[in-house]
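> Take this structure, written in C-alpha cells, and hold onto it; I'll ask about it next.
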Amino acid sequence: MYQYDTIDKAMLADRSSEFRGQVARRLAGELTEDQFKPLRLMNGLYLQLHAYMLRVAIPYGSLNPAQLRKLAWIGRTYDKGYGHFTTRTNLQFHWIKLADTPDILDHLASVDMHAIQTSGNCIRNTTTDPYAGATAEEVDDPRVWAEAIRQWSTFHPEFSFLPRKFKIAITAAPKDRTAARVHDIGLVLKRARDGALGFEVIVGGGMGRTPYVGPTIREFLPVNRLLSYLEAILRVYNRHGRRDNIYKARIKILVAALGKDEFARQVEAEWAKIGEGADLPDTELARIRGAFAATAFEVLPAQSEAFEAAKASTPAFARFVRNNVKPHKKSGYGIVEVSLKGIGDTPGDATSEQMETVADLAEQYGLGDIRVTHEQNLVLPHVKLDDIPTVWAALRDAGIATPNINLVSDIIACPGLDYCALANARAIPIAQHIAEKFRDQDRAEKIGELKIKISGCINACGHHHVGHIGILGVDKKGEEFYQLTLGGSGAEDASVGSMLGPALPYEKVADAVDTLVDVYLRERQDGERFLDTFRRTGVTPFKEAVYADAH
Amino acid sequence: MPTLIELKDGVCRGAEDAFTHVADDQDMATGDVIVSLARFQSEGDGLLSEGRRVGVRLKAEEEAEVLAYDLPRLAVVALDFPKYRDGRAYTNARLLRERFKFAGQVRAVGDVLREQAGFMVRVGFDAFEPADDASANEWQAAARRYRHVYQRSADGRAPAFAEREA
C-alpha cells in the first residue's frame with residue numbers, strides 16, 4: 001500500500017490548521033453561515049436535517065487497520081457509535097458538532113486521513129476496483145493511477161472551481177466493479193497487442209436528472225500520458241461546461257451537447273498544445289508503483305484442507321463461501337467480502353465495534369489491507385484459505401457475514417429522508433423491507449445476482465438508474481411515492497434502466513419487487529440473471545404483473 | 001475604490017493603483033486605463049498611441065486566446081470573477097503565463113476572496129482587488145498556507161514529485 005511521506009503529511013497538517021482557524025472565526029461570529037458555508041464544504045462538512053455531517057475521504061477505497069480503528073474511535077467519541085460507507089467509498093458521520101470538527105480533522109490526519117475534496121465543485125475521490133492487487137482478472141494494478149490522480153487533483157489550482165463536481169473511476173479488469181461508464185471520466189486499463197498499457201477513456205457518463213452511459217472518446221491512451229490528457233479534458237470542461245444551471249452543469253451535458261466526436265476533437269486539440277510536460281516523470285510513477293508491488297504473499301498450495309473441511313461440515317460457511325469469497329490471483333488465498341447489508345440493517349452502516357472487528361481481522365489475517373466497495377461493503381482482499389473459516393466466524397459474531405454479496409438484499413441506498421435535506425422520500429426503510437422479504441437465503445441464492453439500488457431523490461446518490469431494479473423516491477402532494485425502473489446496469493454492460501409504470505406508494509414497493517422477482521423466476525432461461533431475462537423479454541410481463549391489481 | 005494588493009518577489013504589498021477601470025458606458029479617463037475587450041478592440045490603438053499604459057479586462061467567458069497578438073502591448077490583463085465559484089479565470093490566467101508567456105500584470109477582479117488566494121497565486125495572478133477587504137498581510141498568509149504543492153503550475157513552485165527527487 002502507498003505510505004504517506006513527510007510531504008503528504010504536511011499537506012494534511014496545513015489543511016487541518018487552516019480549517020481550525022476558519023471554525024474559530026465562525027464560532028466567534030466573525031463569519032456568517034453564508035460566508036462559512038463554502039469553507040466548510042471544502043472540508044466535507046455539510047449541514048443536514050438534524051446535525052452536521054462530516055464526509056471523510058477514503059482515497060480509492062483503501063484503508064489500513066489503524067485508519068479503520070481511528071474511524072471507529074471517532075464514531076464512538078464524536079458520533080453515535082457508527083459510520084456510513086458511501087457509494088464514493090467514503091465514510092460519513094451524521095451526528096457531528098461543529099466545534100468538534102477541527103479536533104476530528106487532527107485525529108484523521110494522525111492516521112493520514114482527511115476530508116479534502118469530499119464536497120464542492122472539484123475533483124472528488126477516485127473509485128477503483130476493490131479487488132485491485134488481488135484479482136487475477138486485472139491487467140495491472142489500477143491503484144497506481146488512482147494514487148497519481150489523488151495527488152494531481154488535490155488542491156488543483158486550476159480545477160477547484162469547476163462548473164460542478166467531478167468523479168473519476170479506474171478499472172483494470174473486464175468485470176467492472178467501479179461503474180466506470182457512469183462516471184464523469186471512466187478509465188479502463190488495457191494492454192495493447194505489443195504489451196503496452198493504456199486507458200480506454202470514457203467521458204460524460206452520469207446519473208442524476210439526465211442519466212447517460214458515457215461514450216468512449218479515446219480507445220487507447222498510453223498510461224504515462226494520463227495526467228496531460230486529464231488536464232485537457234478538465235480544461236475543456238472548465239471553460240465550456242454550463243454554469244447557468246446547476247442541473248445542466250455536469251460534463252455529461254457538455255459532451256451530449258457537443259457530440260462525442262466534437263468533444264473529443266476539442267480535447268485532442270488542447271492535449272496537443274499541453275504536451276508531455278504535464279505528465280508525471282517516470283521516476284515518480286515508479287515510486288508509486290513500487291508502493292503497491294510489495295504485498296508479502298506466501299507460496300501456498302491451491303487447496304486448503306481446513307477450508308474444504310469447514311465447507312463440508314458447516315453449511316452456513318459453505319453458503320458464505322459461495323457468495324462472499326472470490327478467487328484470488330495467488331493460490332491458497334481468497335478475497336473476502338464483508339457484508340454491510342445485514343437483513344434489517346441500514347445499507348452501508350457499520351458500528352464502531354464492527355469496524356474494529358474488521359481492522360483486527362485485516363491485521364491478523366489480511367495483510368493489513370481493507371477496501372471499501374462502491375456497493376457499500378468492505379473487502380479483505382488477501383486472506384489465506386486456511387484462515388477464512390476463522391475470519392468468517394468472527395465476522396458472523398459481529399453481524400457482518402450475511403452471505404448476500406450481489407444478491408437481492410445487497411442493496412445500495414442513499415441516506416434518504418431519514419438524514420438528507422434534499423430527499424423526497426425515505427430510502428433506508430424501503431431497503432429494509434425488501435431485505436426482509438428475501439430473508440430466506442435459499443430463495444435469495446436461487447434468484448442469483450440482482451442489484452437493487454434506491455435513491456431518495458433525483459440526484460441519484462443511490463444509483464437507481466443503474467439498478468437491475470432501480471427505485472426512486474418522489475414526492476406526490478407531500479406523500480412518499482416510488483418510481484421503479486428496470487434493466488439498468490453500472491457494470492461493463494452499462495445501461496440506464498427504463499421506467500416500469502406509475503409510481504407506487506411506500507407500502508407497495510417491497511411487494512412489487514417480490515412480484516418482479518416472481519416474473520423473472522417464471523420467465524428465465526438457462527442461468528439468466530434478472531438483468532438478462534429483462535433484456536430478452538422487455539418490460540411487458542413485469543409491468544403486467546405489478547399493475548395487475550391496479551386494474 | 002478597492003484596495004490593490006500586488007505580489008512581487010514572493011511578497012504581497014498594498015499598492016497605489018495607477019490604473020483606472022473604465023466601463024463601456026463611461027467617458028474615457030486620463031492616464032493609465034483598464035477597458036473591456038470590446039472597447040480595447042475599437043479604441044486600443046488610439047489609447048496606446050497616446051503613450052499611456054493600457055489593460056484589458058476579460059469577462060469569465062472571454063478566452064485569453066483572443067489577446068494572443070495584443071499581449072506585448074498590454075500592461076495588465078484583468079480577469080473577472082463574477083462569483084468566486086466561477087473558475088474560468090483560473091484557466092485564463094494559467095494560459096496567459098504558461099502558453100503566451102505574458103510578463104505583464106495579471107489581476108484578479110470581481111468576487112475575489114482571500115480563501116482563493118492560494119489558487120490564484122499558483123495560476124499566475126500577481127495583483128488582486130479583494131472584495132472582502134483582506135489586507136496585504138492576510139492575503140499573504142492565505143496564499144502561502146501550504147508548504148508543498150502536488151502539481152506543476154504557472155508559479156514555478158516545485159511539485160511534490162520534484163521535491164522527492166531532490
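Residues are referred to by chain and number: the chain letter is A, B, ... according to the order shown in the C-alpha cells, the number counts from 1 in that chain, and ligands are numbered separately from 1 in the order shown.
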Please return as a list in words: the residues of segment 258-420 of chain A that backbone DSSP assigns to strand (DSSP E or B).
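Checking each residue of segment 258-420 of chain A, the strand (DSSP E or B) ones are Val325, Lys326, Pro327, Tyr333, Gly334, Ile335, Val336, Glu337, Val338, Asp349, Ala350, Thr351, Ile370, Arg371, Val372, Leu378, Val379, Leu380, Pro381, His382, Val383, Lys384, Ile412 and Ala413 of chain A.
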> Could you find all residues in segment 1-127 of chain B that DSSP calls helix (DSSP H, G or I) from the backbone, and write them as a PyMOL selection string?
chain B and resi 37-49+64-67+71-73+88-98+114-123
> Using only C-alpha atoms, find each residue of chain A with at least one atom at most 8 Å away from an atom of chain B; report its shortest atom-to-atom pair and that distance in Å (one decimal), sort the rows by chain and rising residue number, and return the result as a Markdown table.

| residue | atom | partner | partner_atom | distance |
| --- | --- | --- | --- | --- |
| A:Ile7 | CA | B:His148 | CA | 6.7 |
| A:Ala10 | CA | B:Arg147 | CA | 7.2 |
| A:Met11 | CA | B:Tyr146 | CA | 6.6 |
| A:Asp14 | CA | B:Tyr146 | CA | 5.8 |
| A:Arg15 | CA | B:Tyr146 | CA | 7.6 |
| A:Glu18 | CA | B:Arg145 | CA | 7.5 |
| A:Leu39 | CA | B:Glu115 | CA | 8.0 |
| A:Gln151 | CA | B:Tyr150 | CA | 5.8 |
| A:Trp152 | CA | B:Gln151 | CA | 5.7 |
| A:Thr154 | CA | B:Tyr150 | CA | 7.0 |
| A:Phe155 | CA | B:Phe119 | CA | 7.8 |
| A:His156 | CA | B:Gln151 | CA | 7.0 |
| A:Pro157 | CA | B:Phe119 | CA | 4.4 |
| A:Glu158 | CA | B:Tyr90 | CA | 5.2 |
| A:Phe159 | CA | B:Gly87 | CA | 7.3 |
| A:Ser160 | CA | B:Gly87 | CA | 7.3 |
| A:Phe161 | CA | B:Gly87 | CA | 4.5 |
| A:Leu162 | CA | B:Gly87 | CA | 5.8 |
| A:Pro163 | CA | B:Asp86 | CA | 7.2 |
| A:Arg235 | CA | B:Thr91 | CA | 7.1 |
| A:Asn238 | CA | B:Arg88 | CA | 6.1 |
| A:Arg239 | CA | B:Arg88 | CA | 5.6 |
| A:Arg243 | CA | B:Asp86 | CA | 7.7 |
| A:Ala278 | CA | B:Arg152 | CA | 7.3 |
| A:Glu284 | CA | B:Phe161 | CA | 6.1 |
> Hey, can you spit out that residue selection with N, CA and C atoms as a compact mmCIF listing (two decimals), in the first residue's frame?

# COMPACT_ATOMS: atom_id res chain seq x y z
N ILE A 7 5.86 14.93 2.92
CA ILE A 7 5.14 15.93 2.12
C ILE A 7 3.64 15.68 2.20
N ALA A 10 2.45 16.75 5.57
CA ALA A 10 2.44 18.21 5.76
C ALA A 10 1.21 18.83 5.10
N MET A 11 0.79 18.28 3.96
CA MET A 11 -0.41 18.80 3.30
C MET A 11 -1.62 18.71 4.23
N ASP A 14 -1.36 21.16 7.22
CA ASP A 14 -1.65 22.54 6.82
C ASP A 14 -3.14 22.73 6.62
N ARG A 15 -3.78 21.74 6.03
CA ARG A 15 -5.22 21.83 5.81
C ARG A 15 -5.97 21.90 7.13
N GLU A 18 -5.60 25.26 8.82
CA GLU A 18 -6.40 26.27 8.12
C GLU A 18 -7.87 26.18 8.56
N LEU A 39 -16.47 27.41 2.95
CA LEU A 39 -15.25 26.94 3.62
C LEU A 39 -15.47 25.56 4.21
N GLN A 151 -2.96 12.66 -5.98
CA GLN A 151 -2.01 13.75 -5.76
C GLN A 151 -2.25 14.89 -6.75
N TRP A 152 -2.40 14.56 -8.00
CA TRP A 152 -2.58 15.58 -9.03
C TRP A 152 -3.82 16.45 -8.77
N THR A 154 -5.39 16.99 -5.86
CA THR A 154 -5.53 17.60 -4.53
C THR A 154 -5.11 19.07 -4.56
N PHE A 155 -6.03 19.93 -4.22
CA PHE A 155 -5.82 21.39 -4.27
C PHE A 155 -5.34 21.81 -5.66
N HIS A 156 -5.95 21.27 -6.69
CA HIS A 156 -5.53 21.67 -8.04
C HIS A 156 -5.87 23.14 -8.26
N PRO A 157 -4.89 23.97 -8.58
CA PRO A 157 -5.16 25.41 -8.63
C PRO A 157 -6.11 25.81 -9.76
N GLU A 158 -6.10 25.06 -10.85
CA GLU A 158 -6.95 25.45 -11.98
C GLU A 158 -8.33 24.81 -11.91
N PHE A 159 -8.43 23.66 -11.27
CA PHE A 159 -9.67 22.88 -11.36
C PHE A 159 -10.37 22.67 -10.02
N SER A 160 -10.32 23.68 -9.15
CA SER A 160 -11.02 23.57 -7.87
C SER A 160 -12.37 24.27 -7.88
N PHE A 161 -12.67 25.00 -8.96
CA PHE A 161 -13.97 25.67 -9.08
C PHE A 161 -14.56 25.37 -10.45
N LEU A 162 -14.82 24.08 -10.64
CA LEU A 162 -15.39 23.58 -11.90
C LEU A 162 -16.87 23.95 -11.94
N PRO A 163 -17.51 23.76 -13.11
CA PRO A 163 -18.95 24.01 -13.14
C PRO A 163 -19.72 23.15 -12.14
N ARG A 235 -9.77 21.01 -18.72
CA ARG A 235 -9.70 22.39 -19.20
C ARG A 235 -10.85 22.70 -20.15
N ASN A 238 -13.83 22.97 -17.86
CA ASN A 238 -13.82 24.17 -17.02
C ASN A 238 -14.22 25.41 -17.82
N ARG A 239 -13.80 25.45 -19.08
CA ARG A 239 -14.11 26.62 -19.90
C ARG A 239 -15.52 26.57 -20.48
N ARG A 243 -22.58 26.89 -16.62
CA ARG A 243 -22.56 27.39 -15.25
C ARG A 243 -23.85 28.14 -14.92
N ALA A 278 3.28 18.05 -18.95
CA ALA A 278 2.30 17.97 -17.87
C ALA A 278 2.17 16.56 -17.31
N GLU A 284 8.61 9.16 -10.70
CA GLU A 284 7.52 9.25 -9.72
C GLU A 284 6.53 8.09 -9.91
> Suppose you want the space between atom CA of His107 of chain A and atom CA of Met42 of chain A; what is it in Å?
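Interatomic distance, atom CA of His107 of chain A to atom CA of Met42 of chain A: 18.0 Å.
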> Kindly give the distance, in Å, that separates atom CA of Val188 of chain A and atom CA of Val201 of chain A, rounded to a single decimal.
6.8 Å
> Find the residues around segment 348-354 of chain A up to 6 Å (only C-alpha atoms counted), leave out those fewer than 6 positions away in its own chain, and share them as a list in words.
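Using only C-alpha atoms, the neighbours found are Ala72, Gly81, Tyr82, Gly83, His84, Phe85, Leu340, Gln376 and Ala398 of chain A.
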> Next, dump the selected residues to file, keeping only C-alpha atoms, as a PDB file, in the first residue's frame.

ATOM      1  CA  ALA A  72     -14.324   3.524  14.739  1.00  0.00           C
ATOM      2  CA  GLY A  81     -21.066   4.834  17.601  1.00  0.00           C
ATOM      3  CA  TYR A  82     -21.278   4.185  13.895  1.00  0.00           C
ATOM      4  CA  GLY A  83     -20.425   5.484  10.429  1.00  0.00           C
ATOM      5  CA  HIS A  84     -21.932   5.164   6.961  1.00  0.00           C
ATOM      6  CA  PHE A  85     -19.884   3.965   3.976  1.00  0.00           C
ATOM      7  CA  LEU A 340     -22.713  -4.274   5.462  1.00  0.00           C
ATOM      8  CA  GLN A 376     -21.146  -0.096   0.284  1.00  0.00           C
ATOM      9  CA  ALA A 398     -20.052  -9.238  14.588  1.00  0.00           C
TER      10      ALA A 398
END
> Write out as an MDAnalysis selection string which residues come within 6 Å of Gln140 of chain B when counting only C-alpha atoms, dropping same-chain ones fewer than 3 positions away.
chainID B and resid 12 137 143
> For the selection just defined, write its residues with N, CA and C atoms to a file, as a PDB file, in the first residue's frame.

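part36.pdb, written as the output of this step:
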ATOM      1  N   CYS B  12       3.396  40.039  -0.726  1.00  0.00           N
ATOM      2  CA  CYS B  12       2.192  40.811  -1.039  1.00  0.00           C
ATOM      3  C   CYS B  12       2.268  42.175  -0.351  1.00  0.00           C
ATOM      4  N   ASN B 137      -1.339  41.601   4.368  1.00  0.00           N
ATOM      5  CA  ASN B 137      -0.804  40.559   5.254  1.00  0.00           C
ATOM      6  C   ASN B 137      -1.697  39.324   5.280  1.00  0.00           C
ATOM      7  N   ALA B 143      -2.247  32.970   0.950  1.00  0.00           N
ATOM      8  CA  ALA B 143      -1.616  32.480  -0.281  1.00  0.00           C
ATOM      9  C   ALA B 143      -0.507  31.477   0.001  1.00  0.00           C
TER      10      ALA B 143
END
